[in-house]
file protein_21.txt (compact mmCIF, C-alpha atoms and all ligand atoms)
# COMPACT_ATOMS: atom_id res chain seq x y z
CA MET A 269 80.67 132.60 145.12
CA LEU A 270 80.41 128.80 144.86
CA LEU A 271 81.98 126.86 141.99
CA LEU A 272 79.50 124.22 140.88
CA ILE A 273 81.88 122.76 138.33
CA PRO A 274 83.52 119.35 138.51
CA GLY A 275 86.95 120.85 139.25
CA PRO A 276 88.63 122.99 140.23
CA VAL A 277 86.11 122.87 143.05
CA THR A 278 84.96 125.19 145.79
CA THR A 279 87.53 125.00 148.60
CA ARG A 280 87.43 125.86 152.29
CA PRO A 281 88.78 129.26 153.40
CA GLU A 282 91.35 127.46 155.61
CA THR A 283 92.69 125.64 152.52
CA ARG A 284 93.00 128.87 150.53
CA ALA A 285 94.63 130.63 153.50
CA ALA A 286 97.43 128.04 153.52
CA LEU A 287 98.67 129.58 150.25
CA ALA A 288 99.56 132.88 151.86
CA ARG A 289 103.28 132.47 152.56
CA ASP A 290 106.57 132.08 150.75
CA ILE A 291 108.15 128.63 151.00
CA ALA A 292 111.52 127.22 149.89
CA PRO A 293 110.95 123.73 148.43
CA TRP A 294 114.15 122.32 150.00
CA ASP A 295 113.52 123.79 153.46
CA ASN A 296 113.72 121.07 156.12
CA ASP A 297 110.27 121.91 157.51
CA PHE A 298 108.78 121.59 154.03
CA ARG A 299 110.55 118.24 153.48
CA ASP A 300 108.54 116.93 156.41
CA VAL A 301 105.32 118.22 154.80
CA LEU A 302 106.18 116.44 151.53
CA ILE A 303 106.97 113.16 153.28
CA ARG A 304 103.70 113.39 155.21
CA LEU A 305 101.74 114.20 152.04
CA ARG A 306 103.15 111.18 150.20
CA GLY A 307 102.22 108.92 153.10
CA ARG A 308 98.68 110.30 153.23
CA ILE A 309 98.19 109.93 149.46
CA LEU A 310 99.54 106.37 149.51
CA HIS A 311 97.19 105.49 152.36
CA LEU A 312 94.15 107.02 150.61
CA ALA A 313 94.86 104.90 147.52
CA GLY A 314 95.10 101.70 149.58
CA GLY A 315 98.74 101.47 148.50
CA ILE A 316 101.21 99.24 150.33
CA GLU A 317 104.48 100.70 151.65
CA GLY A 318 107.29 98.99 149.73
CA THR A 319 104.96 97.86 146.91
CA HIS A 320 103.52 101.21 145.77
CA ALA A 321 105.01 104.68 145.48
CA ALA A 322 103.07 107.96 145.70
CA LEU A 323 104.58 110.10 142.94
CA MET A 324 103.88 113.79 142.47
CA LEU A 325 104.06 115.64 139.18
CA GLN A 326 103.72 119.38 138.70
CA GLY A 327 100.69 120.27 136.59
CA CYS A 328 97.21 119.06 135.76
CA GLY A 329 95.43 115.77 135.22
CA HIS A 330 96.24 115.53 131.53
CA PHE A 331 99.96 115.80 132.31
CA VAL A 332 99.97 112.89 134.76
CA THR A 333 97.71 110.77 132.53
CA GLU A 334 100.14 111.27 129.65
CA ALA A 335 103.04 110.53 132.00
CA ALA A 336 101.47 107.20 133.02
CA LEU A 337 100.75 106.23 129.39
CA ARG A 338 104.32 107.08 128.35
CA SER A 339 105.91 105.46 131.39
CA PHE A 340 104.11 102.10 131.30
CA LEU A 341 103.54 101.57 127.57
CA PRO A 342 106.42 101.27 125.11
CA PRO A 343 106.19 103.49 122.02
CA ALA A 344 104.52 101.87 119.00
CA ALA A 345 107.76 102.49 117.08
CA SER A 346 109.66 100.25 119.51
CA GLY A 347 108.38 97.21 117.60
CA THR A 348 107.05 95.42 120.72
CA GLY A 349 103.56 95.50 119.20
CA THR A 350 101.92 96.19 122.56
CA ARG A 351 98.74 98.26 122.66
CA ILE A 352 96.39 99.77 125.20
CA LEU A 353 92.65 99.06 125.12
CA ILE A 354 90.64 102.14 126.10
CA PRO A 355 86.86 101.75 126.54
CA ALA A 356 85.46 104.90 124.87
CA THR A 357 83.21 105.96 127.74
CA GLY A 358 83.03 109.67 126.92
CA ALA A 359 84.91 112.94 126.61
CA TYR A 360 87.62 112.03 129.15
CA ALA A 361 88.28 108.57 127.68
CA ASP A 362 88.63 110.39 124.33
CA ARG A 363 91.27 112.58 125.94
CA MET A 364 93.18 109.51 127.18
CA ILE A 365 93.00 108.07 123.64
CA ARG A 366 94.38 111.29 122.16
CA LEU A 367 97.14 111.60 124.77
CA ALA A 368 98.26 108.02 124.07
CA ARG A 369 98.18 108.42 120.29
CA GLU A 370 100.01 111.74 120.26
CA ALA A 371 102.63 110.20 122.54
CA GLY A 372 103.12 107.55 119.85
CA ARG A 373 101.46 104.70 121.78
CA ALA A 374 99.22 102.20 119.97
CA VAL A 375 95.57 102.34 121.04
CA VAL A 376 92.63 100.00 120.51
CA THR A 377 89.26 101.49 121.42
CA LEU A 378 86.25 99.61 122.71
CA PRO A 379 82.94 101.31 121.88
CA VAL A 380 80.76 102.01 124.93
CA GLY A 381 77.38 103.76 124.79
CA ARG A 382 77.41 107.14 126.47
CA ILE A 383 74.52 106.07 128.67
CA GLU A 384 76.05 102.79 129.67
CA ARG A 385 78.64 101.33 132.03
CA ALA A 386 81.73 99.77 130.45
CA ASP A 387 81.06 96.01 130.50
CA PRO A 388 83.79 93.91 132.21
CA ALA A 389 82.74 90.86 130.12
CA ALA A 390 83.21 92.82 126.87
CA ILE A 391 86.65 93.90 128.08
CA ALA A 392 87.51 90.27 128.97
CA ARG A 393 86.47 89.19 125.46
CA ALA A 394 88.53 91.92 123.81
CA LEU A 395 91.58 90.85 125.83
CA ALA A 396 91.04 87.15 125.01
CA GLU A 397 90.84 87.95 121.31
CA ASP A 398 93.91 90.17 121.09
CA ALA A 399 97.21 89.14 122.65
CA THR A 400 98.86 92.43 121.64
CA ILE A 401 96.85 94.33 124.27
CA SER A 402 99.11 94.77 127.29
CA HIS A 403 97.04 97.36 129.15
CA VAL A 404 93.51 98.61 129.72
CA GLY A 405 93.03 102.34 130.31
CA ILE A 406 89.82 103.20 132.16
CA VAL A 407 88.26 106.44 133.39
CA TYR A 408 86.80 105.71 136.84
CA SER A 409 84.39 108.65 136.97
CA GLU A 410 83.68 109.70 133.36
CA THR A 411 83.23 113.43 133.83
CA GLY A 412 81.93 113.66 130.26
CA SER A 413 78.76 111.75 131.20
CA GLY A 414 78.57 111.42 135.00
CA VAL A 415 78.74 107.61 134.91
CA ILE A 416 80.95 105.77 137.44
CA HIS A 417 82.65 102.75 135.85
CA ASP A 418 83.23 99.57 137.80
CA VAL A 419 86.99 99.66 138.40
CA PRO A 420 87.06 96.59 140.71
CA ALA A 421 85.11 94.41 138.20
CA ILE A 422 87.07 95.66 135.17
CA GLY A 423 90.28 95.15 137.16
CA ALA A 424 89.28 91.56 137.92
CA ALA A 425 88.86 90.89 134.17
CA VAL A 426 92.26 92.47 133.46
CA ARG A 427 93.91 90.51 136.28
CA GLN A 428 92.41 87.24 135.08
CA ALA A 429 93.72 87.91 131.57
CA GLY A 430 97.19 88.64 132.97
CA ARG A 431 97.20 92.20 131.66
CA ARG A 432 97.86 95.59 133.28
CA MET A 433 95.66 98.62 133.96
CA ILE A 434 95.99 102.41 134.13
CA VAL A 435 93.17 104.20 135.95
CA ASP A 436 92.20 107.85 135.43
CA ALA A 437 90.64 108.56 138.83
CA VAL A 438 90.91 112.34 138.46
CA SER A 439 87.29 113.09 139.32
CA ALA A 440 86.89 110.03 141.59
CA PHE A 441 89.87 109.96 143.95
CA GLY A 442 89.10 110.94 147.51
CA ALA A 443 85.40 110.11 147.22
CA MET A 444 84.98 106.81 145.32
CA PRO A 445 86.49 103.73 146.97
CA LEU A 446 89.88 102.54 145.72
CA ASP A 447 92.08 99.82 147.18
CA LEU A 448 95.30 99.23 145.28
CA ALA A 449 96.22 96.50 147.79
CA VAL A 450 93.63 94.18 146.22
CA GLN A 451 94.14 95.38 142.62
CA PRO A 452 97.73 94.36 141.78
CA GLU A 453 96.90 94.63 138.04
CA ILE A 454 96.91 98.44 138.35
CA ASP A 455 100.26 99.88 137.22
CA ALA A 456 99.16 103.37 138.19
CA VAL A 457 96.15 105.35 139.31
CA VAL A 458 96.32 109.05 138.42
CA PHE A 459 94.51 112.03 139.93
CA THR A 460 94.90 115.67 140.99
CA ALA A 461 94.50 117.77 144.15
CA ASN A 462 91.68 119.98 142.90
CA LYS A 463 88.70 117.64 142.59
CA CYS A 464 87.39 115.35 145.37
CA LEU A 465 90.40 116.13 147.60
CA GLU A 466 89.05 119.72 147.69
CA ALA A 467 92.48 121.31 147.33
CA LEU A 468 93.89 123.69 144.71
CA PRO A 469 95.00 123.08 141.13
CA GLY A 470 98.68 122.73 140.19
CA ILE A 471 99.74 119.30 141.39
CA ALA A 472 99.00 115.82 140.06
CA PHE A 473 99.65 112.34 141.43
CA ALA A 474 100.33 108.82 140.30
CA VAL A 475 100.28 106.00 142.81
CA ALA A 476 102.19 103.30 141.01
CA ARG A 477 103.66 99.84 141.57
CA ILE A 478 107.36 99.95 142.39
CA ASP A 479 108.06 96.71 140.47
CA ARG A 480 106.65 98.38 137.34
CA LEU A 481 108.64 101.59 137.87
CA GLU A 482 112.05 100.06 138.50
CA GLY A 483 114.35 100.00 135.50
CA ARG A 484 111.90 101.83 133.23
CA ALA A 485 113.34 105.34 133.32
CA GLY A 486 113.75 106.68 129.79
CA GLN A 487 110.90 104.70 128.17
CA ALA A 488 108.62 107.73 128.50
CA GLY A 489 110.62 109.58 125.84
CA SER A 490 109.97 112.78 127.84
CA TRP A 491 112.10 113.64 130.85
CA SER A 492 109.37 115.93 132.20
CA LEU A 493 106.72 113.18 132.09
CA ASP A 494 108.87 110.22 133.16
CA LEU A 495 107.31 108.61 136.26
CA PRO A 496 110.11 106.04 136.74
CA ALA A 497 112.54 108.99 136.73
CA VAL A 498 110.39 110.70 139.40
CA TYR A 499 110.59 107.48 141.41
CA GLU A 500 114.39 107.21 140.99
CA HIS A 501 114.75 110.79 142.17
CA GLY A 502 112.81 109.97 145.34
CA VAL A 503 114.95 106.90 146.02
CA LYS A 504 118.23 108.76 145.45
CA SER A 505 117.48 112.19 146.91
CA GLY A 506 114.83 111.35 149.48
CA TRP A 507 111.02 111.54 149.48
CA GLY A 508 111.12 114.98 151.03
CA SER A 509 112.71 116.35 147.87
CA PHE A 510 111.19 117.23 144.52
CA ARG A 511 112.43 116.86 140.96
CA PHE A 512 112.17 120.42 139.53
CA THR A 513 110.33 123.27 141.30
CA PRO A 514 107.01 122.17 142.81
CA PRO A 515 103.99 124.44 143.39
CA VAL A 516 104.95 124.73 147.06
CA GLN A 517 101.95 126.78 148.21
CA VAL A 518 99.55 124.40 146.48
CA LEU A 519 101.19 121.50 148.33
CA ALA A 520 100.92 123.36 151.64
CA ALA A 521 97.22 123.92 150.93
CA LEU A 522 96.80 120.24 150.09
CA ASP A 523 98.14 119.34 153.53
CA THR A 524 95.35 121.47 155.06
CA ALA A 525 92.72 120.04 152.67
CA LEU A 526 93.77 116.50 153.66
CA ASP A 527 93.22 117.38 157.34
CA PHE A 528 89.60 118.13 156.43
CA HIS A 529 89.41 114.97 154.32
CA ALA A 530 90.66 112.89 157.26
CA ALA A 531 88.20 114.55 159.65
CA GLU A 532 85.26 113.90 157.31
CA GLY A 533 86.32 110.46 156.04
CA ARG A 534 86.12 109.23 152.46
CA ALA A 535 82.79 107.45 152.83
CA ALA A 536 81.15 110.49 154.44
CA ARG A 537 82.52 112.70 151.68
CA LEU A 538 81.00 110.37 149.08
CA ALA A 539 77.70 110.46 151.01
CA ARG A 540 77.77 114.30 151.01
CA TYR A 541 78.46 114.43 147.26
CA THR A 542 75.70 111.87 146.69
CA ALA A 543 73.29 114.03 148.72
CA ASN A 544 74.38 117.08 146.67
CA MET A 545 73.66 115.13 143.48
CA ARG A 546 70.26 113.94 144.79
CA THR A 547 69.21 117.47 145.72
CA LEU A 548 70.19 118.69 142.26
CA TYR A 549 68.79 115.72 140.32
CA ASP A 550 65.41 115.83 142.08
CA GLY A 551 65.41 119.64 142.04
CA VAL A 552 65.87 120.04 138.29
CA ARG A 553 63.26 117.34 137.66
CA ALA A 554 60.79 119.14 139.91
CA MET A 555 61.23 122.28 137.82
CA GLY A 556 60.39 120.35 134.64
CA LEU A 557 63.91 119.77 133.32
CA GLN A 558 65.30 116.35 132.43
CA PRO A 559 68.67 115.02 133.63
CA TRP A 560 70.73 113.46 130.86
CA LEU A 561 71.32 110.16 132.72
CA PRO A 562 68.66 107.85 134.15
CA GLU A 563 68.77 107.58 137.94
CA ALA A 564 70.39 104.14 137.90
CA LEU A 565 73.47 105.44 136.01
CA GLN A 566 73.75 108.87 137.63
CA GLY A 567 77.03 109.14 139.57
CA PRO A 568 77.71 111.57 142.44
CA VAL A 569 80.27 113.82 140.66
CA ILE A 570 78.50 115.67 137.85
CA VAL A 571 74.91 115.98 136.61
CA ASN A 572 74.26 116.92 132.99
CA VAL A 573 70.81 118.30 132.25
CA HIS A 574 69.11 118.44 128.84
CA VAL A 575 68.68 122.04 127.67
CA PRO A 576 65.00 123.01 127.59
CA ALA A 577 63.16 123.26 124.27
CA ASP A 578 61.99 126.83 124.96
CA PRO A 579 63.29 129.30 122.31
CA ASN A 580 64.26 131.70 125.12
CA TRP A 581 66.92 129.24 126.38
CA ASP A 582 70.50 130.49 126.07
CA LEU A 583 73.32 128.79 127.99
CA GLN A 584 75.48 131.90 128.47
CA VAL A 585 72.49 133.96 129.69
CA PHE A 586 71.67 131.15 132.17
CA VAL A 587 75.33 130.98 133.32
CA ASP A 588 75.50 134.78 133.76
CA GLY A 589 72.21 134.83 135.67
CA LEU A 590 73.41 132.11 138.07
CA LYS A 591 76.73 133.89 138.58
CA ARG A 592 74.90 137.05 139.63
CA ARG A 593 73.18 134.88 142.26
CA GLY A 594 76.48 133.43 143.52
CA PHE A 595 76.85 130.17 141.59
CA VAL A 596 79.37 129.50 138.82
CA ILE A 597 78.57 126.69 136.36
CA SER A 598 80.26 125.66 133.10
CA ASN A 599 79.43 127.58 129.94
CA PHE A 600 80.08 124.52 127.75
CA PHE A 601 78.95 120.91 127.63
CA ASN A 602 80.61 117.56 127.01
CA THR A 603 77.63 115.45 125.94
CA PRO A 604 76.65 114.58 122.33
CA THR A 605 73.39 116.58 122.67
CA PRO A 606 73.22 120.06 124.28
CA THR A 607 73.15 120.05 128.09
CA PHE A 608 74.23 122.20 130.97
CA ARG A 609 76.52 120.61 133.55
CA ILE A 610 76.63 121.02 137.32
CA GLY A 611 79.42 119.67 139.52
CA CYS A 612 78.37 118.13 142.85
CA ILE A 613 81.87 117.91 144.36
CA GLY A 614 83.87 120.38 146.47
CA ALA A 615 83.33 122.07 149.82
CA ILE A 616 79.58 122.41 149.29
CA THR A 617 76.60 120.92 151.10
CA PRO A 618 73.12 119.74 150.06
CA GLU A 619 71.82 123.05 151.52
CA ASP A 620 74.11 124.98 149.14
CA MET A 621 72.82 122.81 146.30
CA GLY A 622 69.24 123.50 147.38
CA ARG A 623 69.93 127.24 147.11
CA ALA A 624 71.51 126.67 143.68
CA VAL A 625 68.36 124.87 142.52
CA GLU A 626 66.23 127.82 143.71
CA ALA A 627 68.55 130.17 141.82
CA MET A 628 68.16 128.06 138.66
CA GLU A 629 64.36 128.31 138.88
CA ALA A 630 64.57 132.08 139.39
CA VAL A 631 66.93 132.56 136.43
CA LEU A 632 64.78 130.39 134.15
CA ARG A 633 61.76 132.48 135.13
CA ASP A 634 63.69 135.71 134.44
CA MET A 635 64.64 134.30 131.04
CA GLY A 636 61.02 133.35 130.29
CA VAL A 637 61.90 129.68 129.82
CA THR A 638 58.58 127.89 130.26
CA GLU A 639 58.84 124.92 127.85
CA ARG A 640 61.28 122.78 129.78
CA HIS A 641 61.19 119.36 128.14
CA PRO A 642 64.42 118.46 126.28
CA ARG A 643 65.04 120.17 122.96
CA LEU A 644 66.49 116.91 121.60
CA ALA A 645 66.07 113.32 122.70
CA ASN A 646 69.18 111.36 123.68
CA ALA A 647 71.35 110.36 120.73
C1 LIG A 701 89.29 116.86 135.30
C2 LIG A 701 89.61 115.56 134.67
C3 LIG A 701 90.86 115.28 134.07
C4 LIG A 701 92.01 116.22 133.98
O1 LIG A 701 91.78 117.51 133.81
P1 LIG A 701 92.91 118.64 133.91
O2 LIG A 701 92.20 119.84 133.43
O3 LIG A 701 94.03 118.21 133.02
O4 LIG A 701 93.36 118.67 135.34
C5 LIG A 701 91.09 114.02 133.59
N1 LIG A 701 90.17 113.07 133.68
C6 LIG A 701 88.97 113.27 134.25
C7 LIG A 701 88.01 112.14 134.35
C8 LIG A 701 88.66 114.52 134.77
O5 LIG A 701 87.47 114.74 135.35

call {"tool": "encode", "arguments": {"input": "protein_21.txt", "output": "structure tokens"}}
result
Amino acid sequence: MLLLIPGPVTTRPETRAALARDIAPWDNDFRDVLIRLRGRILHLAGGIEGTHAALMLQGCGHFVTEAALRSFLPPAASGTGTRILIPATGAYADRMIRLAREAGRAVVTLPVGRIERADPAAIARALAEDATISHVGIVYSETGSGVIHDVPAIGAAVRQAGRRMIVDAVSAFGAMPLDLAVQPEIDAVVFTANKCLEALPGIAFAVARIDRLEGRAGQAGSWSLDLPAVYEHGVKSGWGSFRFTPPVQVLAALDTALDFHAAEGRAARLARYTANMRTLYDGVRAMGLQPWLPEALQGPVIVNVHVPADPNWDLQVFVDGLKRRGFVISNFFNTPTPTFRIGCIGAITPEDMGRAVEAMEAVLRDMGVTERHPRLANA
């Protein structure tokens, strides 16, 4: 069974096998694994030893995104008047907005069309017009649409304006390029193990600037989600130790997954995902369906496809039919008009995707779906 969802992704059997033992988090052998993992994560982010710290937080992407928002932005009630500008790129930017607001942080949103890249010039203008904006929060790969946003260009605008940035790279990290060494405006980039790193869910990461972490413990207003406190723990107790119980097996599996990442290389992984996307994008078009994004905006992580106009279409029936043929896709959608969504990331190849496309055609035929143009035009 292959998971064709944008996380948690299909993993290699070797990665799953690494789960199969009991581990004490404080065991000296495991301390070495943790120290090695932090070094590998720091390196993958382009972080600089002594300037950046690779912090680990138990849990999912939302947890570490909230932790970064709490840790680097003062609460609105503190009276500092500082706010975060979040370009509203789609469903995942909306989640960042909600996390910040519910954590009591002040948010300014910048409207962005769903079928559009966030414009660095518009962000520069918003920053020039509003001195209360201390940070920009951007989703690198907007999983809600499939669009990749230009983190280096947006970062340059933020840097020029003397502001700070928080990057949600959850569905980008490990495949899309990232070099924190040349983006000093980034306070933290956040991501998880279970997307482009092709490991298992349960652990999240923030690679953050040490000069922004130091002296900030407590600002988060949540001990569990306090990244400066995670940093202080590492400094005091050693980077082979963990604050609170970590998902030890998941970390052991990540070590194996990172061996495969190193053997493949980030650029080759991106090329494989891009080939997966191409096979899918061209394949659904050839069967008369229409992808939600135009080719020029289609990123390599997730493809949304307009649901066909045929009255026999039913998403759950389609999902069940594909599952019987060995492919699991989402039974929900994140776009303003109805779509089905297929993830292109994980331990899958263009050949796997080719078989998935054949399965889609077979299921549509079984369902009697002949009218395949979109039911609704793009909003
Ligand atoms: C998957 C994802 C997240 C986090 O999801 P969790 O379910 O909390 O792990 C955040 N942002 C983006 C862009 C994502 O794709």

call {"tool": "atom_distance", "arguments": {"input": "protein_21.txt", "atom1": "CA of Leu583 in chain A", "atom2": "CA of Val415 in chain A"}}
result
22.9 Å

call {"tool": "closest_atom_pairs", "arguments": {"input": "protein_21.txt", "of": "chain A", "to": "ligand LIG 701 (chain A)", "cutoff": "6 Å", "atoms": "only C-alpha atoms and all ligand atoms", "output": "CSV"}}
result
residue,atom,partner,partner_atom,distance
A:Cys328,CA,A:LIG701,O4,3.9
A:Gly329,CA,A:LIG701,O4,3.6
A:His330,CA,A:LIG701,O3,3.8
A:Tyr360,CA,A:LIG701,C7,5.2
A:Val407,CA,A:LIG701,C7,5.8
A:Ser409,CA,A:LIG701,C7,5.7
A:Glu410,CA,A:LIG701,C7,5.1
A:Thr411,CA,A:LIG701,O5,4.7
A:Asp436,CA,A:LIG701,N1,5.9
A:Val438,CA,A:LIG701,C6,4.7
A:Ser439,CA,A:LIG701,O5,4.3

call {"tool": "residues_around", "arguments": {"input": "protein_21.txt", "residues": "Arg363 in chain A", "least_positions_apart": "6", "cutoff": "12 Å", "atoms": "all atoms listed in the file", "output": "short mmCIF file (atom, residue, chain, number, x, y, z; two decimals) with C-alpha atoms, in the frame of the given file"}}
result
data_model
loop_
_atom_site.label_atom_id
_atom_site.label_comp_id
_atom_site.auth_asym_id
_atom_site.auth_seq_id
_atom_site.Cartn_x
_atom_site.Cartn_y
_atom_site.Cartn_z
CA GLY A 329 95.43 115.77 135.22
CA HIS A 330 96.24 115.53 131.53
CA PHE A 331 99.96 115.80 132.31
CA THR A 333 97.71 110.77 132.53
CA GLU A 334 100.14 111.27 129.65
CA LEU A 337 100.75 106.23 129.39
CA ILE A 354 90.64 102.14 126.10
CA PRO A 355 86.86 101.75 126.54
CA ALA A 356 85.46 104.90 124.87
CA THR A 357 83.21 105.96 127.74
CA ARG A 369 98.18 108.42 120.29
CA GLU A 370 100.01 111.74 120.26
CA GLY A 405 93.03 102.34 130.31
CA ILE A 406 89.82 103.20 132.16
CA VAL A 407 88.26 106.44 133.39
CA GLU A 410 83.68 109.70 133.36
CA THR A 411 83.23 113.43 133.83
CA GLY A 412 81.93 113.66 130.26
CA ASP A 436 92.20 107.85 135.43
CA ASN A 602 80.61 117.56 127.01
#

call {"tool": "axis_aligned_box", "arguments": {"input": "protein_21.txt", "around": "range 344-355 of chain A", "padding_each_side": "5 Å", "output": "JSON"}}
result
{"center_x": 98.3, "center_y": 99.0, "center_z": 121.8, "size_x": 32.8, "size_y": 17.1, "size_z": 19.5}

call {"tool": "atom_distance", "arguments": {"input": "protein_21.txt", "atom1": "CA of Ala461 in chain A", "atom2": "CA of Val375 in chain A"}}
result
27.8 Å

call {"tool": "closest_residue", "arguments": {"input": "protein_21.txt", "among": "A:Phe473, A:Phe595, A:Phe459, A:Trp491", "to": "Tyr408 in chain A", "atoms": "all atoms listed in the file"}}
result
A:Phe459

call {"tool": "atom_distance", "arguments": {"input": "protein_21.txt", "atom1": "CA of Leu272 in chain A", "atom2": "CA of Ile613 in chain A"}}
result
7.6 Å

call {"tool": "residues_around", "arguments": {"input": "protein_21.txt", "residues": "Leu287 in chain A", "least_positions_apart": "4", "cutoff": "7 Å", "atoms": "all atoms listed in the file", "output": "ChimeraX atom specification"}}
result
/A:517-518,520-521

call {"tool": "residues_around", "arguments": {"input": "protein_21.txt", "residues": "range 423-435 of chain A", "least_positions_apart": "6", "cutoff": "7 Å", "atoms": "all atoms listed in the file", "output": "list in words"}}
result
Pro388, Ala392, Leu395, Ser402, His403, Val404, Gly405, Ile406, Val407, Tyr408, Gln451, Glu453, Ile454, Asp455, Ala456, Val457 and Val458 of chain A

call {"tool": "residues_around", "arguments": {"input": "protein_21.txt", "residues": "Thr278 in chain A", "least_positions_apart": "5", "cutoff": "8 Å", "atoms": "all atoms listed in the file", "output": "PDB file with C-alpha atoms, in the frame of the given file"}}
result
ATOM      1  CA  LEU A 270      80.410 128.800 144.860  1.00  0.00           C
ATOM      2  CA  LEU A 271      81.980 126.860 141.990  1.00  0.00           C
ATOM      3  CA  LEU A 272      79.500 124.220 140.880  1.00  0.00           C
ATOM      4  CA  GLU A 466      89.050 119.720 147.690  1.00  0.00           C
ATOM      5  CA  GLY A 614      83.870 120.380 146.470  1.00  0.00           C
ATOM      6  CA  ALA A 615      83.330 122.070 149.820  1.00  0.00           C
ATOM      7  CA  ILE A 616      79.580 122.410 149.290  1.00  0.00           C
TER       8      ILE A 616
END

call {"tool": "residues_around", "arguments": {"input": "protein_21.txt", "residues": "Ala554 in chain A", "least_positions_apart": "5", "cutoff": "10 Å", "atoms": "all atoms listed in the file", "output": "ChimeraX atom specification"}}
result
/A:548-549,625,629

call {"tool": "closest_residue", "arguments": {"input": "protein_21.txt", "among": "A:Ala577, A:Ala627, A:Val475, A:Ala536", "to": "Lys591 in chain A", "atoms": "all atoms listed in the file"}}
result
A:Ala627

call {"tool": "closest_residue", "arguments": {"input": "protein_21.txt", "among": "A:Asp300, A:Asp578, A:Asp527, A:Glu482", "to": "Val637 in chain A", "atoms": "only C-alpha atoms"}}
result
A:Asp578
